[in-house]
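Colleague: Got a structure for you, query_1.txt, holding compact mmCIF, C-alpha atoms.
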```txt
# COMPACT_ATOMS: atom_id res chain seq x y z
CA MET A 407 -15.83 -43.24 -32.60
CA PRO A 408 -14.18 -45.58 -35.11
CA CYS A 409 -16.73 -47.38 -37.23
CA THR A 410 -16.30 -50.90 -35.95
CA ARG A 411 -18.51 -53.28 -34.02
CA HIS A 412 -15.65 -55.01 -32.21
CA VAL A 413 -13.53 -52.70 -30.05
CA LYS A 414 -10.34 -53.91 -28.41
CA ARG A 415 -7.75 -51.93 -26.50
CA ILE A 416 -5.54 -51.16 -29.52
CA HIS A 417 -6.17 -51.94 -33.17
CA ILE A 418 -3.73 -51.64 -36.03
CA LEU A 419 -5.62 -53.14 -38.97
CA LEU A 420 -3.52 -54.16 -41.95
CA PRO A 421 -4.05 -54.15 -44.82
CA LEU A 422 -6.85 -51.62 -45.15
CA VAL A 423 -7.60 -52.22 -48.81
CA LEU A 424 -7.49 -55.90 -49.68
CA ALA A 425 -6.29 -56.77 -53.17
CA LEU A 426 -8.43 -59.45 -54.79
CA LEU A 427 -6.22 -60.90 -57.49
CA LEU A 428 -8.76 -62.63 -59.69
CA THR A 429 -6.34 -63.89 -62.31
CA ALA A 430 -7.18 -66.87 -64.47
CA CYS A 431 -4.91 -69.86 -64.00
CA SER A 432 -2.22 -70.26 -66.62
CA ARG A 433 1.16 -71.90 -66.91
CA SER A 434 2.59 -69.36 -69.35
CA ALA A 435 5.69 -67.44 -68.26
CA ARG A 436 3.88 -64.11 -68.58
CA SER A 437 1.12 -65.17 -66.19
CA GLU A 438 3.28 -66.91 -63.59
CA LYS A 439 2.57 -65.25 -60.26
CA HIS A 440 5.26 -64.40 -57.69
CA GLU A 441 4.65 -62.88 -54.26
CA ARG A 442 6.72 -61.46 -51.47
CA GLN A 443 5.84 -60.05 -48.04
CA VAL A 444 7.81 -57.17 -46.58
CA PHE A 445 7.39 -55.60 -43.16
CA ALA A 446 8.28 -51.92 -43.30
CA MET A 447 6.83 -48.61 -42.10
CA ASP A 448 4.95 -50.58 -39.40
CA THR A 449 2.97 -52.28 -42.15
CA ILE A 450 2.77 -55.74 -43.69
CA MET A 451 3.22 -55.19 -47.41
CA LEU A 452 2.27 -57.69 -50.11
CA LEU A 453 4.11 -57.40 -53.42
CA THR A 454 2.80 -59.40 -56.38
CA ALA A 455 4.43 -59.54 -59.79
CA TYR A 456 3.96 -61.67 -62.91
CA GLY A 457 6.25 -62.94 -65.63
CA GLU A 458 9.84 -64.00 -66.12
CA ASN A 459 11.24 -60.83 -64.56
CA ALA A 460 9.02 -61.02 -61.49
CA GLN A 461 11.67 -62.07 -58.98
CA ALA A 462 14.05 -59.33 -60.10
CA GLY A 463 11.19 -56.86 -59.86
CA LEU A 464 10.23 -58.00 -56.37
CA SER A 465 13.82 -57.62 -55.21
CA ALA A 466 14.03 -54.14 -56.72
CA ALA A 467 10.74 -53.14 -55.10
CA GLU A 468 11.79 -54.47 -51.68
CA ALA A 469 15.11 -52.63 -51.84
CA THR A 470 13.30 -49.41 -52.76
CA ILE A 471 10.86 -49.80 -49.87
CA LEU A 472 13.58 -50.43 -47.30
CA SER A 473 15.67 -47.53 -48.57
CA LEU A 474 12.75 -45.13 -48.34
CA GLU A 475 11.81 -46.40 -44.90
CA ALA A 476 15.32 -45.52 -43.72
CA ALA A 477 15.23 -42.07 -45.32
CA LEU A 478 11.72 -41.06 -44.24
CA ASP A 479 11.54 -42.29 -40.63
CA PRO A 480 11.55 -39.19 -38.37
CA GLU A 481 12.71 -41.26 -35.38
CA ARG A 482 15.73 -42.76 -37.12
CA GLU A 483 18.80 -40.66 -36.34
CA ASP A 484 20.41 -41.20 -39.75
CA SER A 485 17.29 -40.27 -41.72
CA GLU A 486 16.64 -37.14 -43.73
CA LEU A 487 13.59 -36.25 -41.68
CA TYR A 488 15.48 -36.57 -38.40
CA ALA A 489 18.15 -34.22 -39.73
CA LEU A 490 15.52 -31.75 -40.90
CA ASN A 491 13.60 -31.90 -37.61
CA HIS A 492 16.74 -31.23 -35.58
CA ALA A 493 18.32 -28.55 -37.77
CA GLU A 494 16.88 -25.69 -35.63
CA GLY A 495 15.88 -23.69 -38.69
CA ALA A 496 18.98 -24.37 -40.79
CA SER A 497 18.66 -25.63 -44.35
CA VAL A 498 19.10 -29.34 -45.04
CA SER A 499 19.81 -30.85 -48.46
CA VAL A 500 17.20 -33.52 -49.16
CA SER A 501 16.63 -36.25 -51.73
CA ASP A 502 14.17 -36.22 -54.60
CA ALA A 503 11.83 -38.37 -52.49
CA THR A 504 11.59 -35.88 -49.63
CA LEU A 505 11.31 -32.96 -52.03
CA GLN A 506 8.50 -34.54 -54.07
CA ILE A 507 6.53 -35.50 -50.97
CA LEU A 508 6.89 -31.97 -49.61
CA GLU A 509 5.84 -30.38 -52.91
CA THR A 510 2.76 -32.60 -53.15
CA GLY A 511 1.90 -32.05 -49.50
CA LEU A 512 2.23 -28.29 -49.80
CA THR A 513 -0.16 -28.27 -52.75
CA VAL A 514 -2.78 -30.30 -50.87
CA TRP A 515 -2.22 -28.22 -47.71
CA GLU A 516 -2.85 -24.97 -49.57
CA ARG A 517 -5.86 -26.24 -51.54
CA SER A 518 -7.49 -27.84 -48.50
CA GLY A 519 -7.06 -24.85 -46.22
CA GLY A 520 -4.62 -26.70 -43.98
CA ALA A 521 -6.50 -30.01 -43.64
CA LEU A 522 -3.24 -31.82 -44.38
CA ASP A 523 -0.34 -30.72 -42.20
CA PHE A 524 2.94 -32.64 -41.99
CA THR A 525 4.05 -30.42 -39.09
CA LEU A 526 1.52 -31.99 -36.71
CA TYR A 527 4.11 -34.60 -35.78
CA PRO A 528 4.72 -33.36 -32.19
CA ALA A 529 0.99 -33.67 -31.49
CA VAL A 530 0.81 -37.06 -33.23
CA ARG A 531 3.69 -38.25 -31.04
CA ALA A 532 2.01 -36.88 -27.90
CA TRP A 533 -0.95 -39.17 -28.57
CA GLY A 534 1.42 -42.13 -29.00
CA PHE A 535 0.75 -42.51 -32.72
CA GLY A 536 4.32 -41.63 -33.68
CA GLY A 537 7.61 -43.10 -32.62
CA ASP A 538 7.59 -45.73 -29.87
CA GLY A 539 5.42 -43.82 -27.41
CA GLU A 540 2.55 -45.24 -25.41
CA TYR A 541 -1.02 -44.33 -26.27
CA ARG A 542 -2.42 -41.58 -24.06
CA VAL A 543 -4.73 -38.56 -24.13
CA PRO A 544 -2.74 -35.28 -23.89
CA ASP A 545 -4.31 -32.41 -21.98
CA ASP A 546 -5.43 -29.17 -23.60
CA SER A 547 -2.44 -27.14 -22.44
CA GLU A 548 0.03 -29.64 -23.86
CA LEU A 549 -1.74 -29.74 -27.22
CA SER A 550 -1.95 -25.95 -27.37
CA ALA A 551 1.79 -25.66 -26.85
CA LEU A 552 2.50 -28.26 -29.52
CA LEU A 553 0.10 -26.69 -32.04
CA ALA A 554 1.87 -23.35 -31.66
CA LEU A 555 4.72 -24.88 -33.68
CA ARG A 556 2.64 -26.21 -36.55
CA GLY A 557 2.07 -24.71 -39.97
CA MET A 558 3.36 -25.76 -43.38
CA GLU A 559 3.66 -22.12 -44.40
CA HIS A 560 6.93 -22.13 -42.44
CA ILE A 561 8.50 -24.77 -44.70
CA ALA A 562 10.96 -23.12 -47.09
CA LEU A 563 12.07 -24.84 -50.32
CA ASP A 564 15.03 -23.69 -52.38
CA GLY A 565 15.82 -26.41 -54.85
CA HIS A 566 16.77 -29.41 -52.73
CA ALA A 567 17.51 -27.21 -49.71
CA VAL A 568 14.68 -27.35 -47.16
CA SER A 569 14.27 -25.60 -43.84
CA LEU A 570 11.64 -25.56 -41.11
CA ALA A 571 10.93 -22.96 -38.47
CA ALA A 572 13.06 -23.56 -35.38
CA GLY A 573 11.35 -26.10 -33.15
CA GLN A 574 9.13 -27.52 -35.88
CA GLU A 575 9.06 -31.24 -36.63
CA LEU A 576 7.36 -33.04 -39.46
CA SER A 577 6.53 -36.56 -40.52
CA PHE A 578 5.23 -38.00 -43.77
CA GLY A 579 2.81 -40.44 -42.17
CA ALA A 580 0.05 -39.17 -44.46
CA ALA A 581 2.08 -39.56 -47.66
CA ALA A 582 5.12 -41.83 -47.23
CA LYS A 583 3.43 -45.12 -48.15
CA GLY A 584 1.84 -43.55 -51.22
CA TYR A 585 5.17 -42.28 -52.46
CA THR A 586 6.86 -45.58 -51.57
CA ALA A 587 4.28 -47.66 -53.45
CA GLN A 588 4.74 -45.49 -56.54
CA ALA A 589 8.54 -45.72 -56.31
CA ALA A 590 8.43 -49.48 -55.80
CA VAL A 591 6.24 -49.96 -58.87
CA ASN A 592 8.64 -47.80 -60.88
CA ALA A 593 11.52 -50.02 -59.71
CA MET A 594 9.57 -53.08 -60.86
CA ARG A 595 9.00 -51.51 -64.26
CA ASP A 596 12.70 -50.73 -64.59
CA ALA A 597 13.44 -54.39 -63.80
CA GLY A 598 11.26 -55.49 -66.72
CA VAL A 599 8.01 -56.32 -64.92
CA GLU A 600 4.90 -55.55 -66.97
CA ALA A 601 2.16 -56.66 -64.54
CA ALA A 602 2.17 -56.13 -60.78
CA ILE A 603 0.07 -55.00 -57.85
CA LEU A 604 1.41 -53.77 -54.51
CA THR A 605 -0.56 -53.53 -51.28
CA LEU A 606 1.16 -51.40 -48.62
CA GLY A 607 -1.35 -51.33 -45.80
CA GLY A 608 -4.17 -49.12 -47.07
CA ASN A 609 -2.27 -48.27 -50.26
CA VAL A 610 -2.66 -50.16 -53.51
CA GLN A 611 -0.57 -49.41 -56.60
CA THR A 612 -0.89 -51.21 -59.92
CA LEU A 613 1.38 -51.74 -62.92
CA GLY A 614 -0.05 -52.78 -66.29
CA THR A 615 -3.06 -55.04 -66.52
CA LYS A 616 -3.49 -58.55 -65.22
CA PRO A 617 -1.89 -61.19 -67.44
CA ASP A 618 -5.29 -62.01 -68.97
CA GLY A 619 -5.71 -58.36 -69.99
CA SER A 620 -8.45 -57.55 -67.48
CA PRO A 621 -8.35 -54.77 -64.87
CA TRP A 622 -7.18 -55.30 -61.33
CA VAL A 623 -9.97 -55.76 -58.80
CA VAL A 624 -9.50 -54.51 -55.23
CA ALA A 625 -11.92 -54.55 -52.34
CA VAL A 626 -12.56 -51.56 -50.08
CA GLN A 627 -12.80 -52.66 -46.46
CA ASP A 628 -16.04 -52.31 -44.53
CA PRO A 629 -15.24 -49.96 -41.61
CA PHE A 630 -18.13 -51.41 -39.58
CA ASP A 631 -16.93 -55.01 -40.07
CA THR A 632 -13.26 -55.07 -40.90
CA GLY A 633 -13.39 -58.73 -41.86
CA SER A 634 -15.61 -57.86 -44.80
CA TYR A 635 -15.74 -55.32 -47.61
CA LEU A 636 -18.28 -52.83 -48.93
CA GLY A 637 -17.51 -53.03 -52.63
CA THR A 638 -14.86 -53.59 -55.24
CA LEU A 639 -13.02 -51.26 -57.59
CA SER A 640 -11.75 -52.18 -61.04
CA LEU A 641 -8.42 -50.45 -61.61
CA ASP A 642 -6.35 -49.95 -64.73
CA GLY A 643 -2.58 -50.18 -64.64
CA GLY A 644 -0.71 -47.21 -63.27
CA THR A 645 -3.42 -46.45 -60.73
CA ALA A 646 -3.21 -45.85 -56.99
CA ALA A 647 -6.06 -46.52 -54.57
CA VAL A 648 -5.47 -45.27 -51.02
CA THR A 649 -7.83 -45.51 -48.05
CA SER A 650 -7.65 -43.57 -44.79
CA GLY A 651 -10.03 -44.53 -42.01
CA ASN A 652 -10.64 -43.80 -38.36
CA TYR A 653 -10.50 -47.53 -37.60
CA GLN A 654 -6.95 -48.12 -38.85
CA ARG A 655 -5.21 -47.22 -35.64
CA TYR A 656 -6.85 -46.23 -32.38
CA PHE A 657 -7.07 -46.90 -28.68
CA GLU A 658 -9.61 -46.69 -25.88
CA ALA A 659 -9.16 -44.41 -22.86
CA ASP A 660 -11.45 -42.51 -20.49
CA GLY A 661 -14.44 -44.34 -21.95
CA GLN A 662 -13.78 -43.02 -25.45
CA ILE A 663 -12.17 -44.19 -28.67
CA TRP A 664 -9.31 -42.03 -29.96
CA HIS A 665 -8.15 -42.53 -33.54
CA HIS A 666 -4.97 -41.39 -35.29
CA ILE A 667 -6.24 -38.81 -37.80
CA LEU A 668 -5.89 -35.48 -36.02
CA ASP A 669 -7.65 -32.20 -36.71
CA PRO A 670 -4.87 -29.66 -37.38
CA GLU A 671 -6.94 -26.93 -35.72
CA THR A 672 -7.48 -28.70 -32.40
CA GLY A 673 -4.89 -31.49 -32.20
CA TYR A 674 -7.68 -33.93 -31.31
CA PRO A 675 -8.90 -36.82 -33.48
CA VAL A 676 -11.10 -35.27 -36.14
CA ARG A 677 -14.88 -35.82 -36.05
CA SER A 678 -15.88 -35.20 -39.66
CA GLY A 679 -18.78 -37.62 -40.01
CA LEU A 680 -16.68 -39.94 -42.18
CA CYS A 681 -15.44 -43.43 -41.40
CA SER A 682 -13.17 -43.82 -44.41
CA VAL A 683 -12.02 -42.08 -47.56
CA THR A 684 -10.65 -43.90 -50.60
CA VAL A 685 -8.90 -41.84 -53.28
CA VAL A 686 -8.15 -43.25 -56.73
CA CYS A 687 -5.75 -41.46 -59.06
CA PRO A 688 -2.54 -42.11 -61.03
CA ASP A 689 -0.12 -40.72 -58.42
CA GLY A 690 0.34 -42.57 -55.14
CA THR A 691 1.68 -39.58 -53.20
CA THR A 692 -1.26 -37.43 -54.21
CA ALA A 693 -3.77 -40.18 -53.41
CA ASP A 694 -2.25 -40.75 -49.97
CA SER A 695 -2.11 -37.04 -49.11
CA LEU A 696 -5.66 -36.45 -50.31
CA SER A 697 -7.13 -39.39 -48.40
CA THR A 698 -6.08 -37.78 -45.12
CA ALA A 699 -6.96 -34.19 -46.07
CA LEU A 700 -10.41 -35.12 -47.36
CA PHE A 701 -11.12 -37.22 -44.27
CA VAL A 702 -10.45 -34.12 -42.18
CA LEU A 703 -12.62 -31.94 -44.43
CA GLY A 704 -15.67 -34.20 -44.28
CA GLU A 705 -18.19 -35.22 -46.92
CA GLU A 706 -19.37 -31.86 -48.27
CA ASP A 707 -15.98 -30.19 -48.45
CA ALA A 708 -14.30 -33.32 -49.82
CA LEU A 709 -16.72 -33.40 -52.75
CA ALA A 710 -16.31 -29.66 -53.23
CA TYR A 711 -12.52 -30.11 -53.35
CA ARG A 712 -12.91 -32.72 -56.09
CA ASP A 713 -15.32 -30.52 -58.04
CA ARG A 714 -12.86 -27.62 -57.90
CA PHE A 715 -9.53 -29.34 -58.55
CA GLY A 716 -10.38 -32.72 -60.11
CA GLY A 717 -7.86 -35.36 -61.12
CA PHE A 718 -9.08 -38.09 -58.77
CA GLU A 719 -12.10 -40.20 -57.80
CA LEU A 720 -13.57 -40.95 -54.39
CA VAL A 721 -15.34 -43.52 -52.25
CA LEU A 722 -16.56 -41.93 -49.00
CA VAL A 723 -18.09 -43.94 -46.17
CA THR A 724 -20.13 -41.98 -43.64
CA GLU A 725 -21.02 -42.74 -40.04
CA ASP A 726 -24.67 -43.22 -41.07
CA ARG A 727 -23.67 -46.05 -43.45
CA ARG A 728 -23.78 -44.24 -46.77
CA VAL A 729 -21.20 -45.08 -49.42
CA ILE A 730 -20.67 -42.16 -51.81
CA VAL A 731 -19.02 -43.09 -55.11
CA THR A 732 -17.90 -40.56 -57.71
CA GLY A 733 -18.69 -41.03 -61.36
CA GLY A 734 -15.29 -41.93 -62.77
CA LEU A 735 -15.04 -45.24 -60.91
CA SER A 736 -15.95 -48.77 -61.91
CA PHE A 737 -17.48 -49.91 -58.61
CA SER A 738 -19.46 -53.01 -57.59
CA GLU A 739 -21.57 -52.96 -54.42
CA HIS A 740 -21.24 -55.49 -51.62
CA GLY A 741 -22.87 -55.08 -48.23
CA ASP A 742 -25.75 -53.51 -46.34
CA PHE A 743 -25.18 -49.83 -47.14
CA THR A 744 -26.97 -47.00 -48.88
CA TYR A 745 -24.98 -46.39 -52.05
CA VAL A 746 -24.99 -42.89 -53.53
CA TYR A 747 -23.44 -42.06 -56.90
CA VAL A 748 -22.39 -38.53 -57.78
CA ASP A 749 -20.97 -36.99 -60.95
```
Once you've parsed the file, please lay out its structure as structure tokens.
Modeller:
Amino acid sequence: MPCTRHVKRIHILLPLVLALLLTACSRSARSEKHERQVFAMDTIMLLTAYGENAQAGLSAAEATILSLEAALDPEREDSELYALNHAEGASVSVSDATLQILETGLTVWERSGGALDFTLYPAVRAWGFGGDGEYRVPDDSELSALLALRGMEHIALDGHAVSLAAGQELSFGAAAKGYTAQAAVNAMRDAGVEAAILTLGGNVQTLGTKPDGSPWVVAVQDPFDTGSYLGTLSLDGGTAAVTSGNYQRYFEADGQIWHHILDPETGYPVRSGLCSVTVVCPDGTTADSLSTALFVLGEEDALAYRDRFGGFELVLVTEDRRVIVTGGLSFSEHGDFTYVYVD
């Protein structure tokens, strides 16, 4: 069951990680703050930039976001993913964006033993979490038939030529916002912005430091009380912080709560003992992909994954109200939880 005290019929909670921009007031050009809201990828996105090039940076970031939304939407008939999903096994030439997301996803898929699987899209859509479908609970026979088509081992890469097994369909719901946030920050940098923070739903991406030279401070949402937070992270520039939780998107049916993070083995919402996973690392695509995979793996295997492969830090929230924080993070507690710190 999603970790929330207040259950309504359908919840889509945005944003998941709330940026707390604690910047000192100043009238200097470098510290002048500019903001823009963009609705894309079914998410309200908040873009914040500082300095004389801020408006140009915001425009560049917005254009990047909208372009990637068009390319990566599997339901949009002129998108790359739609072409790939309907190629019936033929190769499709894809952009750098699609290729990089696939390469990152394949790495996480292999290392996690299949906990991340972009080819779950038919099952995701059957639940109503993809496309414009209505929320419903598929029966076992339907899920079994849809799972027969899954498996990222069937994705073939040859340069920019990509092919799927005939009948397979994929989506980048577990990685698209992470890649998009990274690309949008890069566009801001190219436009001359030196300080910025982007919040794309549960994805935060930073550029530089705050104008006063201090780190960015972001709050990790409390999954038991989504109007509050369980702690704050201090982030350097060039850092992504991505949270996946079972309370982001879910519905109630047959007396149960069904959330959107599916177990690739069963096609049902995963029951891993976790309420949320926050991944912090330099690369947004990696952070986004890992947050889903590690949620599926659960506490013990998520920490084992980090011990083995490294390169990122974690905040795990368990159903029994423990907050597990790994040693490379600057974290401040807030809330009625049991906080556990691990190396």
Colleague: Within 6 Å of (1.3, -53.4, -59.4) (coordinates as in the file), grab all the protein and nucleic acid residues, counting only C-alpha atoms, and write them out as a list in words.
Modeller: Ala602, Ile603, Leu604, Gln611, Thr612 and Leu613 of chain A
Colleague: Could you check which of A:Leu668, A:Ser437, A:Ala446, A:Pro621 is closest to A:Trp533, using only C-alpha atoms?
Modeller: A:Leu668
Colleague: Could you pull the residues within 12 Å of A:Arg482, counting all atoms listed in the file, minus those fewer than 6 positions along the same chain, as a PyMOL selection string?
Modeller: chain A and resi 447+474-476+488-492+536-538+577
Colleague: Hey, what's within 8 Å of A:Ala647 if we count all atoms listed in the file and toss same-chain stuff fewer than 5 positions away? As a ChimeraX atom specification, please?
Modeller: /A:609-611,684-687,690,693
Colleague: Please compute the atom CA of A:Phe578-atom CA of A:Tyr635 distance, one decimal, in Å.
Modeller: 27.5 Å
Colleague: For stretch 453-466 of chain A, work out the shell of residues within 12 Å, counting all atoms listed in the file and skipping chain neighbours fewer than 5 positions away, then give it as number ranges by chain.
Modeller: A: 425-427, 429, 432-445, 471-473, 587, 589-607, 609-618, 622
Colleague: Name the residues in contact with A:Phe524 at a cut-off of 8 Å, using all atoms listed in the file, excluding same-chain residues fewer than 3 positions from it; report them as a ChimeraX atom specification.
Modeller: /A:511,527,558,576-580
Colleague: Can you spit out the residues from that selection as a PDB file, keeping the file's coordinate frame, using C-alpha atoms?
Modeller:
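That gives us part_19.pdb:
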```pdb
ATOM      1  CA  GLY A 511       1.900 -32.050 -49.500  1.00  0.00           C
ATOM      2  CA  TYR A 527       4.110 -34.600 -35.780  1.00  0.00           C
ATOM      3  CA  MET A 558       3.360 -25.760 -43.380  1.00  0.00           C
ATOM      4  CA  LEU A 576       7.360 -33.040 -39.460  1.00  0.00           C
ATOM      5  CA  SER A 577       6.530 -36.560 -40.520  1.00  0.00           C
ATOM      6  CA  PHE A 578       5.230 -38.000 -43.770  1.00  0.00           C
ATOM      7  CA  GLY A 579       2.810 -40.440 -42.170  1.00  0.00           C
ATOM      8  CA  ALA A 580       0.050 -39.170 -44.460  1.00  0.00           C
TER       9      ALA A 580
END
```
Colleague: Taking all atoms listed in the file into account, name the residue in A:Gly573, A:Tyr541, A:Phe743, A:Ser736 that is nearest to A:Glu494.
Modeller: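 Of the candidates, the smallest distance to A:Glu494 is held by A:Gly573.
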Colleague: Nearest to A:Ser501: which of A:Leu487, A:Ala554, A:Ile450, A:Val530 is it, counting all atoms listed in the file?
Modeller: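 Residue with the minimum atom-to-atom distance to A:Ser501: A:Leu487.
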Colleague: Using all atoms listed in the file, which residues sit within 9 Å of A:Ala503 once same-chain residues fewer than 2 positions away are excluded, as number ranges by chain?
Modeller: A: 474, 477-478, 500-501, 505-508, 585-586, 589
Colleague: Using atom CA of A:Val543 and atom CA of A:Ala521 as the two end points, give the distance in Å to one decimal.
Modeller: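 So the two atoms, atom CA of A:Val543 and atom CA of A:Ala521, lie 21.4 Å apart.
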Colleague: Any idea what the distance is between atom CA of A:Leu570 and atom CA of A:Gly495?
Modeller: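 Between atom CA of A:Leu570 and atom CA of A:Gly495 the gap is 5.2 Å.
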Colleague: Taking only C-alpha atoms into account, name the residue in A:Thr672, A:Val648, A:Leu680, A:Arg531 that is nearest to A:Glu575.
Modeller: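 Of A:Thr672, A:Val648, A:Leu680, A:Arg531, the one nearest A:Glu575, counting only C-alpha atoms, is A:Arg531.
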Colleague: Counting only C-alpha atoms, figure out which residue out of A:Thr692, A:Thr724, A:Thr513, A:His665 gets nearest to A:Lys583.
Modeller: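 Smallest distance to A:Lys583 is found for A:Thr692.
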Colleague: Which one is closest to A:His666: A:Gly679, A:Val746, A:Glu705, A:Ala532? Count only C-alpha atoms.
Modeller: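 Answer, going by the shortest atom-to-atom distance: A:Ala532.
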Colleague: List as a ChimeraX atom specification: which residues have an atom within 12 Å of (-19.0, -33.4, -53.6), counting all atoms listed in the file?
Modeller: /A:700,703-716,719-722,730-733,746-749
